[in-house]
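Below is one structure, written out as structure tokens; comments come after it.
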Amino acid sequence: MSDGLTGVVVSHGTVAKALVDAVHAITGDAGALAAISNQGCGRDSLRDLVAEAACDGDCVLFVDLPSGSCLQAAMIFQREHPAIAVVAGVNLAMLLDFVHRRDATLAEAAARAVEIGAGAIKVVGS
Amino acid sequence: MSLELVRVDDRLIHGQVVVGWGRELRPDLVVLADDEVAKNDWEQELYRLGVPDGMEVKFTTVDQAAGGVEAWANGSCKTIILVSGIDALRRLCEGAPSIRKVNLGGVHNEGDRHQHLPYLFLSDEEAHQLRSLATRGIEITAQDLPNAAPVALTDLL
């Protein structure tokens, strides 16, 4: 697995940590993703946590919902730092794909995360 | 009375407000009363992302919101007013003496605040401001979500 893009998962409650733990359990990868919870955070402190986690190089911020405090913190940070992509609606499928494709560009990684993540949502069986 | 909730929440419009209180109170209008957001179109767009269809959002300064309280309280729309902090709440209540009940929903740990509840941190000055509002007969309770038990100010401070 090459170094390259990093990912930060930002969520309500413990969703982000659980997703990152699951990626680690499935792939063994322990360096590509960080997890942030909005629990106990105001607007400014959540933005500071995002800034701290995403400070090194190009980074994709994976947010749980397409609105709300996590998305706001991600978008406020992105506004100040162009080397950031924000993808809302994070799921395990897109993260598993992401950690193996960290040599992509930010735009490619974000578009692919949407494709893989959406493709994993389906009605199964009859 | 259609002013359903006056709430202090430093995240302003977010999941607890839209989903938690929104499903309980079914507001038609959310007034986001914040001096900074009122002059920032970009931040207003961010907050609009969290507002479901059928719920209107109005961005005002705290002073403008105080001036609108009477109309909202007597209007037909079910209305929620949000402010981001205790000082804004004090200004709102001073400008709109008809507000008799407020909800402390989320003030998080920044600066020199002390913890009172998992979602409520207050500086000494903020605690003083709340006591002062309470002495004017305003009922102040902390309650993050509708199904949580409200905690009276006297039990907090």
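Lettering and numbering for the structure tokens are positional, with chains as A, B, ... in the shown order, residues counted from 1 in each chain, and ligands counted from 1 in the shown order.
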Practice task
Pick out the chain A residues within 7 Å of chain B. Count only C-alpha atoms. Give them as a ChimeraX atom specification.
Solution key: /A:40-43,67-69,72
Discussion item. I'd like the contact shell of A:Val50 - 12 Å cut-off, only C-alpha atoms, skipping same-chain residues fewer than 2 positions apart - returned as an MDAnalysis selection string.
Written reply: chainID A and resid 7:11 34:38 41 43:48 52:56 59:63 69:78 80:81 84 86
* **Close residues, B:Asp35 itself excluded, 8 Å, only C-alpha atoms, min 5 positions apart in chain, as an MDAnalysis selection string** => chainID B and resid 60:62
Item to complete: Tell me which of B:Glu139, B:Glu24, B:Asp34, B:Asp87 sits closest to B:Lys101, counting only C-alpha atoms.
Response: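 That would be B:Glu139, the residue with the smallest distance to B:Lys101.
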Residue contacts of stretch 65-67 of chain B (9 Å, only C-alpha atoms) excluding same-chain residues fewer than 2 positions away, as a PDB file with C-alpha atoms, in the first residue's frame:
ATOM      1  CA  VAL B  31     -35.043  31.515  13.219  1.00  0.00           C
ATOM      2  CA  LEU B  32     -31.256  31.339  13.396  1.00  0.00           C
ATOM      3  CA  ALA B  33     -30.370  34.463  15.370  1.00  0.00           C
ATOM      4  CA  ASP B  34     -26.634  34.992  15.130  1.00  0.00           C
ATOM      5  CA  PHE B  59     -31.328  34.286   9.352  1.00  0.00           C
ATOM      6  CA  THR B  60     -31.344  37.322  11.628  1.00  0.00           C
ATOM      7  CA  THR B  61     -29.125  39.192  14.040  1.00  0.00           C
ATOM      8  CA  VAL B  62     -29.944  38.731  17.722  1.00  0.00           C
ATOM      9  CA  ASP B  63     -31.472  42.216  17.850  1.00  0.00           C
ATOM     10  CA  VAL B  69     -40.513  37.650  18.921  1.00  0.00           C
ATOM     11  CA  GLU B  70     -43.885  39.305  19.431  1.00  0.00           C
ATOM     12  CA  ALA B  71     -44.999  38.577  15.862  1.00  0.00           C
ATOM     13  CA  ILE B  81     -35.482  30.482  17.767  1.00  0.00           C
ATOM     14  CA  ARG B  91     -29.524  40.003  24.643  1.00  0.00           C
ATOM     15  CA  LEU B  92     -32.488  38.217  23.086  1.00  0.00           C
ATOM     16  CA  CYS B  93     -34.384  38.044  26.397  1.00  0.00           C
ATOM     17  CA  GLU B  94     -33.598  41.655  27.268  1.00  0.00           C
ATOM     18  CA  GLY B  95     -34.893  42.758  23.886  1.00  0.00           C
ATOM     19  CA  ALA B  96     -37.955  40.519  24.080  1.00  0.00           C
ATOM     20  CA  PRO B  97     -39.300  40.439  27.674  1.00  0.00           C
TER      21      PRO B  97
END
For this session: Pick out the residues sitting within 10 Å of stretch 100-107 of chain A, and hand them over as a ChimeraX atom specification; count only C-alpha atoms, and ignore anything fewer than 4 positions along from it in its own chain.
Result: /A:1-7,27,29,32,58-60,83-86,95-96,111-113
Could those residues be written to a file, using C-alpha atoms, as a short mmCIF file (atom, residue, chain, number, x, y, z; two decimals), in the first residue's frame?
data_model
loop_
_atom_site.label_atom_id
_atom_site.label_comp_id
_atom_site.auth_asym_id
_atom_site.auth_seq_id
_atom_site.Cartn_x
_atom_site.Cartn_y
_atom_site.Cartn_z
CA MET A 1 0.00 0.00 0.00
CA SER A 2 1.60 3.26 -1.08
CA ASP A 3 1.55 6.46 0.89
CA GLY A 4 -0.45 9.24 -0.65
CA LEU A 5 -3.83 10.59 0.24
CA THR A 6 -5.02 10.30 3.80
CA GLY A 7 -8.61 10.08 4.96
CA THR A 27 -7.32 -4.73 5.63
CA ASP A 29 -4.20 -0.84 7.33
CA ALA A 32 -4.47 5.86 6.16
CA ASP A 58 -3.86 15.96 0.56
CA CYS A 59 -6.78 14.59 2.51
CA VAL A 60 -10.30 13.31 1.89
CA ALA A 83 -6.00 20.30 -0.79
CA ILE A 84 -9.10 18.78 0.78
CA ALA A 85 -12.01 16.86 -0.72
CA VAL A 86 -15.23 16.31 1.21
CA LEU A 95 -13.35 3.31 2.91
CA LEU A 96 -12.15 -0.23 2.10
CA ALA A 111 -15.51 10.62 -7.26
CA ARG A 112 -14.60 6.98 -6.77
CA ALA A 113 -15.72 7.01 -3.14
#
- prompt: With only C-alpha atoms as the basis for distance, which of B:Leu133, B:Gln115, B:Leu25, B:Gly20 is at the shortest distance from B:Ala148?
  reply: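 Comparing B:Leu133, B:Gln115, B:Leu25, B:Gly20 against B:Ala148, the winner is B:Gly20.
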